[in-house]
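Next up, start_32.txt (compact mmCIF, C-alpha atoms):
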```txt
# COMPACT_ATOMS: atom_id res chain seq x y z
CA MET A 1095 72.54 152.47 65.10
CA ASN A 1096 74.29 149.46 63.56
CA ALA A 1097 77.88 148.78 64.50
CA THR A 1098 80.41 149.14 61.70
CA ALA A 1099 82.06 146.05 60.29
CA GLU A 1100 85.29 147.07 62.00
CA GLN A 1101 83.57 147.27 65.39
CA ILE A 1102 81.89 143.90 64.86
CA HIS A 1103 85.11 142.16 63.95
CA SER A 1104 87.24 143.94 66.56
CA GLU A 1105 85.16 142.26 69.22
CA THR A 1106 86.49 138.92 67.98
CA GLY A 1107 90.06 140.21 67.95
CA LYS A 1108 90.44 139.91 64.18
CA THR A 1109 92.66 142.22 62.16
CA PRO A 1110 91.42 143.12 58.69
CA LEU A 1111 93.22 141.51 55.80
CA VAL A 1112 92.71 144.75 53.91
CA GLU A 1113 91.70 148.28 54.84
CA LEU A 1114 91.30 150.87 52.13
CA ARG A 1115 91.15 154.22 53.93
CA ASP A 1116 89.98 157.45 52.30
CA ILE A 1117 91.14 156.35 48.85
CA SER A 1118 90.88 159.00 46.13
CA ILE A 1119 91.81 159.19 42.47
CA ALA A 1120 90.89 161.66 39.73
CA PHE A 1121 91.16 161.45 35.95
CA GLY A 1122 91.27 164.76 34.15
CA GLY A 1123 89.86 166.57 37.16
CA ILE A 1124 86.96 164.13 37.56
CA LYS A 1125 86.95 162.27 40.86
CA ALA A 1126 86.54 158.59 39.97
CA VAL A 1127 86.96 157.59 43.63
CA ASP A 1128 86.35 160.15 46.34
CA HIS A 1129 87.50 159.34 49.89
CA ALA A 1130 86.30 155.73 49.75
CA SER A 1131 86.91 153.32 52.61
CA VAL A 1132 86.25 149.58 52.71
CA ASP A 1133 87.66 146.64 54.64
CA LEU A 1134 87.88 142.88 54.29
CA TYR A 1135 88.45 140.21 56.93
CA PRO A 1136 89.84 136.66 56.72
CA GLY A 1137 87.34 134.13 55.40
CA GLU A 1138 84.92 136.83 54.30
CA VAL A 1139 83.32 137.84 51.01
CA VAL A 1140 82.56 141.53 50.54
CA GLY A 1141 80.40 142.38 47.54
CA LEU A 1142 81.11 145.68 45.81
CA LEU A 1143 78.02 147.03 44.11
CA GLY A 1144 77.16 150.07 42.04
CA HIS A 1145 76.27 151.20 38.55
CA ASN A 1146 78.88 151.42 35.82
CA GLY A 1147 81.03 154.43 36.67
CA ALA A 1148 80.25 154.20 40.40
CA GLY A 1149 83.95 153.74 41.18
CA LYS A 1150 84.02 150.15 42.39
CA SER A 1151 86.29 148.79 39.64
CA THR A 1152 88.61 151.78 39.92
CA LEU A 1153 88.86 151.34 43.70
CA ILE A 1154 89.80 147.69 43.25
CA LYS A 1155 92.32 148.51 40.51
CA ILE A 1156 94.09 150.72 43.04
CA LEU A 1157 94.32 147.73 45.41
CA SER A 1158 95.56 145.48 42.59
CA GLY A 1159 98.27 147.99 41.62
CA ALA A 1160 96.80 148.86 38.22
CA TYR A 1161 96.21 152.52 39.18
CA PRO A 1162 98.24 154.74 41.53
CA ARG A 1163 96.04 156.47 44.09
CA ASP A 1164 96.06 160.23 44.60
CA GLY A 1165 95.36 159.95 48.32
CA GLY A 1166 94.50 157.57 51.14
CA GLN A 1167 96.09 154.51 52.72
CA ILE A 1168 96.14 150.80 51.99
CA MET A 1169 96.60 148.63 55.07
CA ILE A 1170 97.38 144.91 54.78
CA ASN A 1171 97.16 142.88 58.01
CA GLY A 1172 97.21 146.10 60.01
CA GLU A 1173 100.33 147.56 58.42
CA GLU A 1174 100.58 150.21 55.72
CA ALA A 1175 101.28 148.71 52.30
CA VAL A 1176 103.18 150.25 49.41
CA ILE A 1177 101.43 149.19 46.20
CA ASN A 1178 102.60 150.96 43.06
CA ASN A 1179 102.12 148.19 40.50
CA PRO A 1180 100.63 144.68 40.13
CA ARG A 1181 103.90 143.06 41.19
CA ASP A 1182 103.73 144.90 44.52
CA ALA A 1183 100.15 143.69 44.99
CA LYS A 1184 101.12 140.06 44.33
CA ALA A 1185 103.89 140.37 46.92
CA TYR A 1186 101.17 141.18 49.49
CA GLY A 1187 99.16 138.10 48.46
CA ILE A 1188 96.64 140.03 46.33
CA GLU A 1189 95.47 138.30 43.15
CA THR A 1190 92.84 139.45 40.66
CA ILE A 1191 90.62 137.14 38.64
CA TYR A 1192 89.18 139.17 35.80
CA GLN A 1193 85.93 138.39 34.02
CA THR A 1194 87.92 137.31 30.94
CA LEU A 1195 89.95 134.89 33.18
CA ALA A 1196 93.09 135.56 31.05
CA LEU A 1197 93.67 131.87 30.40
CA ALA A 1198 95.79 130.45 27.57
CA ASP A 1199 93.14 128.41 25.75
CA ASN A 1200 95.49 126.12 23.83
CA VAL A 1201 97.29 124.60 26.85
CA ASP A 1202 96.14 122.48 29.80
CA ALA A 1203 95.37 123.39 33.41
CA ALA A 1204 98.91 122.86 34.74
CA ALA A 1205 100.46 125.01 31.99
CA ASN A 1206 97.98 127.78 32.83
CA LEU A 1207 98.71 127.57 36.56
CA PHE A 1208 102.43 128.07 35.94
CA LEU A 1209 102.17 130.45 32.99
CA GLY A 1210 105.21 132.75 33.22
CA ARG A 1211 106.42 130.91 36.35
CA GLU A 1212 107.18 127.51 34.84
CA LEU A 1213 109.07 124.86 36.81
CA LEU A 1214 112.25 123.55 35.18
CA THR A 1215 114.22 120.34 35.53
CA PRO A 1216 117.95 120.46 36.41
CA TRP A 1217 118.56 120.22 32.64
CA GLY A 1218 116.59 123.39 31.93
CA THR A 1219 113.58 121.70 30.34
CA LEU A 1220 109.98 122.12 31.46
CA ASP A 1221 109.19 119.91 34.45
CA ASP A 1222 105.73 118.86 33.27
CA ALA A 1223 105.40 116.12 35.89
CA ALA A 1224 106.08 118.50 38.80
CA MET A 1225 103.69 121.12 37.42
CA GLU A 1226 100.92 118.56 36.89
CA ALA A 1227 101.44 117.18 40.42
CA ALA A 1228 101.15 120.69 41.87
CA ALA A 1229 98.07 121.35 39.72
CA ARG A 1230 96.41 118.16 40.93
CA LYS A 1231 97.16 119.08 44.55
CA VAL A 1232 95.71 122.59 44.40
CA MET A 1233 92.71 121.51 42.33
CA GLY A 1234 92.11 118.72 44.83
CA ARG A 1235 91.69 121.38 47.51
CA LEU A 1236 89.36 123.47 45.40
CA ASN A 1237 87.42 121.12 43.18
CA PRO A 1238 88.01 117.40 43.92
CA ASN A 1239 85.75 116.46 40.97
CA PHE A 1240 88.06 118.11 38.43
CA ARG A 1241 89.60 115.40 36.24
CA ARG A 1242 90.37 117.06 32.90
CA PHE A 1243 94.06 117.79 33.49
CA LYS A 1244 95.29 116.71 30.05
CA GLU A 1245 92.87 118.77 27.95
CA PRO A 1246 93.38 122.35 26.72
CA VAL A 1247 91.32 124.75 28.81
CA LYS A 1248 89.29 125.81 25.76
CA ALA A 1249 87.61 122.37 26.03
CA LEU A 1250 86.51 123.00 29.63
CA SER A 1251 83.15 124.32 30.84
CA GLY A 1252 82.84 127.86 32.17
CA GLY A 1253 82.80 126.63 35.75
CA GLN A 1254 85.88 124.46 35.21
CA ARG A 1255 87.72 127.38 33.59
CA GLN A 1256 86.86 129.51 36.62
CA SER A 1257 88.32 126.71 38.80
CA VAL A 1258 91.60 126.91 36.86
CA ALA A 1259 91.76 130.70 37.21
CA ILE A 1260 91.14 130.51 40.97
CA ALA A 1261 93.65 127.67 41.39
CA ARG A 1262 96.29 129.75 39.60
CA ALA A 1263 95.73 132.58 42.08
CA ILE A 1264 95.90 130.50 45.25
CA LEU A 1265 98.77 128.29 44.04
CA PHE A 1266 101.11 131.17 44.83
CA ASN A 1267 99.61 131.74 48.29
CA ALA A 1268 97.13 134.52 47.60
CA ARG A 1269 95.30 135.59 50.75
CA ILE A 1270 93.21 138.31 49.13
CA LEU A 1271 91.23 137.59 45.96
CA ILE A 1272 89.53 140.15 43.76
CA MET A 1273 86.86 138.46 41.65
CA ASP A 1274 85.37 140.50 38.81
CA GLU A 1275 81.94 139.20 37.74
CA PRO A 1276 82.88 135.55 38.42
CA THR A 1277 79.53 134.10 37.32
CA ALA A 1278 78.87 136.32 34.29
CA ALA A 1279 77.70 134.25 31.31
CA LEU A 1280 77.58 131.04 33.38
CA GLY A 1281 74.54 128.78 33.57
CA PRO A 1282 72.85 127.87 36.89
CA GLN A 1283 74.89 124.68 37.40
CA GLU A 1284 78.21 126.40 36.70
CA THR A 1285 77.22 129.35 38.90
CA ALA A 1286 76.56 126.91 41.73
CA GLN A 1287 79.98 125.35 41.13
CA VAL A 1288 81.67 128.74 41.47
CA GLY A 1289 79.68 129.29 44.66
CA GLU A 1290 81.13 126.06 46.07
CA LEU A 1291 84.64 127.21 45.11
CA ILE A 1292 84.11 130.48 46.97
CA LYS A 1293 82.87 128.63 50.08
CA GLN A 1294 86.02 126.49 50.01
CA LEU A 1295 88.22 129.59 49.77
CA LYS A 1296 86.42 131.11 52.76
CA LYS A 1297 87.13 127.98 54.82
CA GLU A 1298 90.82 128.49 54.10
CA GLY A 1299 90.67 132.03 55.47
CA ILE A 1300 91.01 133.75 52.12
CA GLY A 1301 89.23 137.10 51.84
CA ILE A 1302 87.37 137.93 48.64
CA PHE A 1303 86.25 141.19 47.10
CA LEU A 1304 83.40 140.28 44.75
CA ILE A 1305 82.53 142.80 42.03
CA SER A 1306 79.17 142.02 40.49
CA HIS A 1307 76.16 143.58 38.81
CA ASP A 1308 74.02 140.63 39.89
CA ILE A 1309 72.44 141.45 43.23
CA HIS A 1310 71.14 137.88 43.60
CA ASP A 1311 74.66 136.57 43.13
CA VAL A 1312 75.98 138.90 45.79
CA PHE A 1313 73.33 137.94 48.33
CA ASP A 1314 74.08 134.26 47.69
CA LEU A 1315 77.85 134.62 48.11
CA ALA A 1316 78.71 137.72 50.16
CA ASP A 1317 78.78 138.26 53.91
CA ARG A 1318 78.70 142.05 53.53
CA VAL A 1319 78.07 144.56 50.79
CA THR A 1320 79.60 147.94 50.11
CA VAL A 1321 77.67 150.15 47.70
CA MET A 1322 79.29 152.95 45.71
CA LYS A 1323 77.74 155.80 43.75
CA ASN A 1324 79.48 158.70 41.99
CA GLY A 1325 82.87 157.62 43.35
CA GLN A 1326 81.77 157.61 46.99
CA VAL A 1327 80.71 154.88 49.39
CA VAL A 1328 76.96 155.04 50.03
CA GLY A 1329 77.15 152.52 52.85
CA HIS A 1330 78.13 149.11 54.18
CA ALA A 1331 75.81 146.35 55.41
CA LYS A 1332 75.75 142.70 56.35
CA THR A 1333 73.63 140.84 53.82
CA THR A 1334 71.56 139.48 56.71
CA ASP A 1335 70.64 143.02 57.84
CA VAL A 1336 69.26 144.38 54.57
CA THR A 1337 66.94 143.28 51.78
CA LYS A 1338 67.71 143.20 48.08
CA ASP A 1339 65.26 146.06 47.55
CA GLU A 1340 67.04 148.14 50.17
CA VAL A 1341 70.39 147.52 48.48
CA LEU A 1342 68.84 148.51 45.14
CA GLY A 1343 67.79 151.75 46.83
CA MET A 1344 71.41 152.29 47.87
CA ILE A 1345 72.61 151.66 44.30
CA ILE A 1346 69.99 153.77 42.50
CA LEU A 1347 69.10 156.51 44.98
CA GLY A 1348 72.12 156.54 47.29
CA LYS A 1349 69.66 156.00 50.15
CA CYS A 1350 70.97 154.13 53.20
CA PRO A 1351 68.46 151.83 54.98
CA PRO A 1352 68.33 151.39 58.77
CA GLY A 1353 70.31 148.11 58.59
CA ALA A 1354 73.30 149.72 56.88
CA THR A 1355 76.14 151.94 58.06
CA PRO A 1356 76.13 155.10 55.91
CA GLY A 1357 79.21 156.36 54.10
CA PRO A 1358 79.98 159.86 52.85
CA GLY A 1359 78.09 159.19 49.63
CA ALA A 1360 74.77 158.45 51.33
CA ALA A 1361 71.87 160.68 50.38
CA ARG A 1362 70.94 163.22 53.01
CA LEU A 1363 67.35 162.50 54.04
```
Could you take the file, read its structure, and then write that structure out as structure tokens?
Amino acid sequence: MNATAEQIHSETGKTPLVELRDISIAFGGIKAVDHASVDLYPGEVVGLLGHNGAGKSTLIKILSGAYPRDGGQIMINGEEAVINNPRDAKAYGIETIYQTLALADNVDAAANLFLGRELLTPWGTLDDAAMEAAARKVMGRLNPNFRRFKEPVKALSGGQRQSVAIARAILFNARILIMDEPTAALGPQETAQVGELIKQLKKEGIGIFLISHDIHDVFDLADRVTVMKNGQVVGHAKTTDVTKDEVLGMIILGKCPPGATPGPGAARL
């Protein structure tokens, strides 16, 4: 039987960045998430897969503070976390990058990075020079080829816009990123660019939950996958231990292959 992710990582002495333990939430008596558990380690990408309504987005919204959970625990760096709203989540270094990116199209990269948290001069005016310098520094870490600092973000490509959204998250020391369909509607070149961004984040020890409908994307970017169905976890697997067809079987049939660790939602064979 395959070791669980926790057992694998415990051998290296690592503590999970995040542990979601037995998380449950119901809406109108319907269990959207039913005793779901998933973990994430430093420098790791965990892909969350499942059909629409499987519970993956709801589970992540509990971590991001958008929904209050009915039951279960959230552990951050081995200690129980109190997350009741998005501000609490940000205080734990959790940032969410939604598919829409939530960028202000009419202003430049620096203005987007500091949106709502602008730097001011001693005279109370916007410190544009300091914000641009900080933007150049963080973008230099992420995407050294980015040069379009003076242009409104609506003029940028999809991959460059994704760079700005990621830079905004890590500028304020995020350690845990939730990425919702980060390559949706991007072409092959831009998708590859986002892949390079994710590799850079991993090198810095940032953990990423990747929500995607694209199984090819997930296999390209994720170290492990967690599959959900009907609000429950079907199973967890390292992407090197399972095939795409086997993961499709987990998504569609709830069937756990030999290379995966079954969860409570796995089909009884």
For the interface of range 1206-1274 of chain A with range 1286-1290 of chain A (cut-off 8 Å, counting all atoms listed in the file), please tabulate each contacting residue of range 1206-1274 of chain A alongside its nearest pair of atoms and their separation in Å to one decimal, rows sorted by chain and increasing number, as CSV.
```
residue,atom,partner,partner_atom,distance
A:Gly1253,CA,A:Val1288,CA,6.2
A:Gln1256,CA,A:Val1288,CA,7.1
A:Ser1257,CA,A:Val1288,CA,7.4
```
Given only C-alpha atoms, how would the per-residue table for range 1254-1361 of chain A near range 1138-1160 of chain A read, listing every residue at most 7 Å away with its closest atom pair and distance in Å to one decimal, sorted by chain and number, as a Markdown table?
```
| residue | atom | partner | partner_atom | distance |
| --- | --- | --- | --- | --- |
| A:Lys1296 | CA | A:Glu1138 | CA | 6.1 |
| A:Gly1301 | CA | A:Glu1138 | CA | 5.0 |
| A:Ile1302 | CA | A:Val1139 | CA | 4.7 |
| A:Phe1303 | CA | A:Val1140 | CA | 5.1 |
| A:Leu1304 | CA | A:Gly1141 | CA | 4.6 |
| A:Ile1305 | CA | A:Leu1142 | CA | 5.0 |
| A:Ser1306 | CA | A:Leu1143 | CA | 6.3 |
| A:His1307 | CA | A:Leu1143 | CA | 6.6 |
| A:Val1312 | CA | A:Gly1141 | CA | 5.9 |
| A:Leu1315 | CA | A:Val1139 | CA | 7.0 |
| A:Ala1316 | CA | A:Val1139 | CA | 4.7 |
| A:Asp1317 | CA | A:Val1139 | CA | 5.4 |
| A:Arg1318 | CA | A:Val1140 | CA | 4.9 |
| A:Val1319 | CA | A:Gly1141 | CA | 4.6 |
| A:Thr1320 | CA | A:Leu1142 | CA | 5.1 |
| A:Val1321 | CA | A:Leu1143 | CA | 4.8 |
| A:Met1322 | CA | A:Gly1144 | CA | 5.1 |
| A:Lys1323 | CA | A:Ala1148 | CA | 4.5 |
| A:Asn1324 | CA | A:Ala1148 | CA | 4.8 |
| A:Gly1325 | CA | A:Gly1149 | CA | 4.6 |
| A:Ile1345 | CA | A:Gly1144 | CA | 5.3 |
```
Give the padded box for range 1279-1297 of chain A as AutoDock Vina command-line options: axis-aligned, covering all atoms listed in the file, 8 Å on each side, centre and edge lengths in Å to one decimal.
```
--center_x 80.5 --center_y 129.5 --center_z 43.1 --size_x 31.4 --size_y 25.6 --size_z 39.5
```
Please report the interatomic distance between CA of Asn1267 in chain A and CA of Tyr1161 in chain A in Å with one decimal.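 One can read the CA of Asn1267 in chain A to CA of Tyr1161 in chain A distance as 22.9 Å.
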Applying 8 Å and all atoms listed in the file, which residues near Leu1213 in chain A remain after dropping the ones on its own chain fewer than 2 positions away? List them as a ChimeraX atom specification. /A:1208,1211,1215,1220-1222,1224-1225
With a distance cut-off of 6 Å and only C-alpha atoms, select the neighbouring residues of range 1352-1360 of chain A, excluding the residue or stretch itself and same-chain residues fewer than 5 positions from it, and output the selection as a list in words. Gln1326, Val1327, Val1328, Gly1329, His1330, Ala1331, Asp1335 and Val1336 of chain A
Hey, which of A:Tyr1135, A:Phe1266, A:Phe1313, A:Phe1121 ends up closest to Tyr1186 in chain A? Count only C-alpha atoms.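 Smallest separation from Tyr1186 in chain A among the options: A:Phe1266.
Between CA of Val1247 in chain A and CA of Leu1197 in chain A the interatomic distance comes to 7.7 Å.
Each of A:Val1201, A:Val1176, A:Ala1249, A:Leu1295 was checked against Val1232 in chain A using all atoms listed in the file; the smallest atom-to-atom distance is that of A:Leu1295.
For the residues A:Ala1223, A:Leu1291, A:Ala1278, A:Ala1205, ranking by smallest atom-to-atom distance to Glu1245 in chain A using only C-alpha atoms places A:Ala1205 first.
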So that I can see what lies close to Arg1230 in chain A, please list as a ChimeraX atom specification the residues with an atom at most 9 Å from it, counting all atoms listed in the file and leaving out residues fewer than 6 positions away in the same chain. /A:1204,1238,1240-1241,1243
One number please: CA of Lys1293 in chain A to CA of Ala1279 in chain A, in Å, one decimal. 20.3 Å
Selection: 7 Å around Tyr1192 in chain A, all atoms listed in the file, excl. self and same-chain fewer than 2 positions, as a PyMOL selection string: chain A and resi 1190+1194-1195+1273-1274
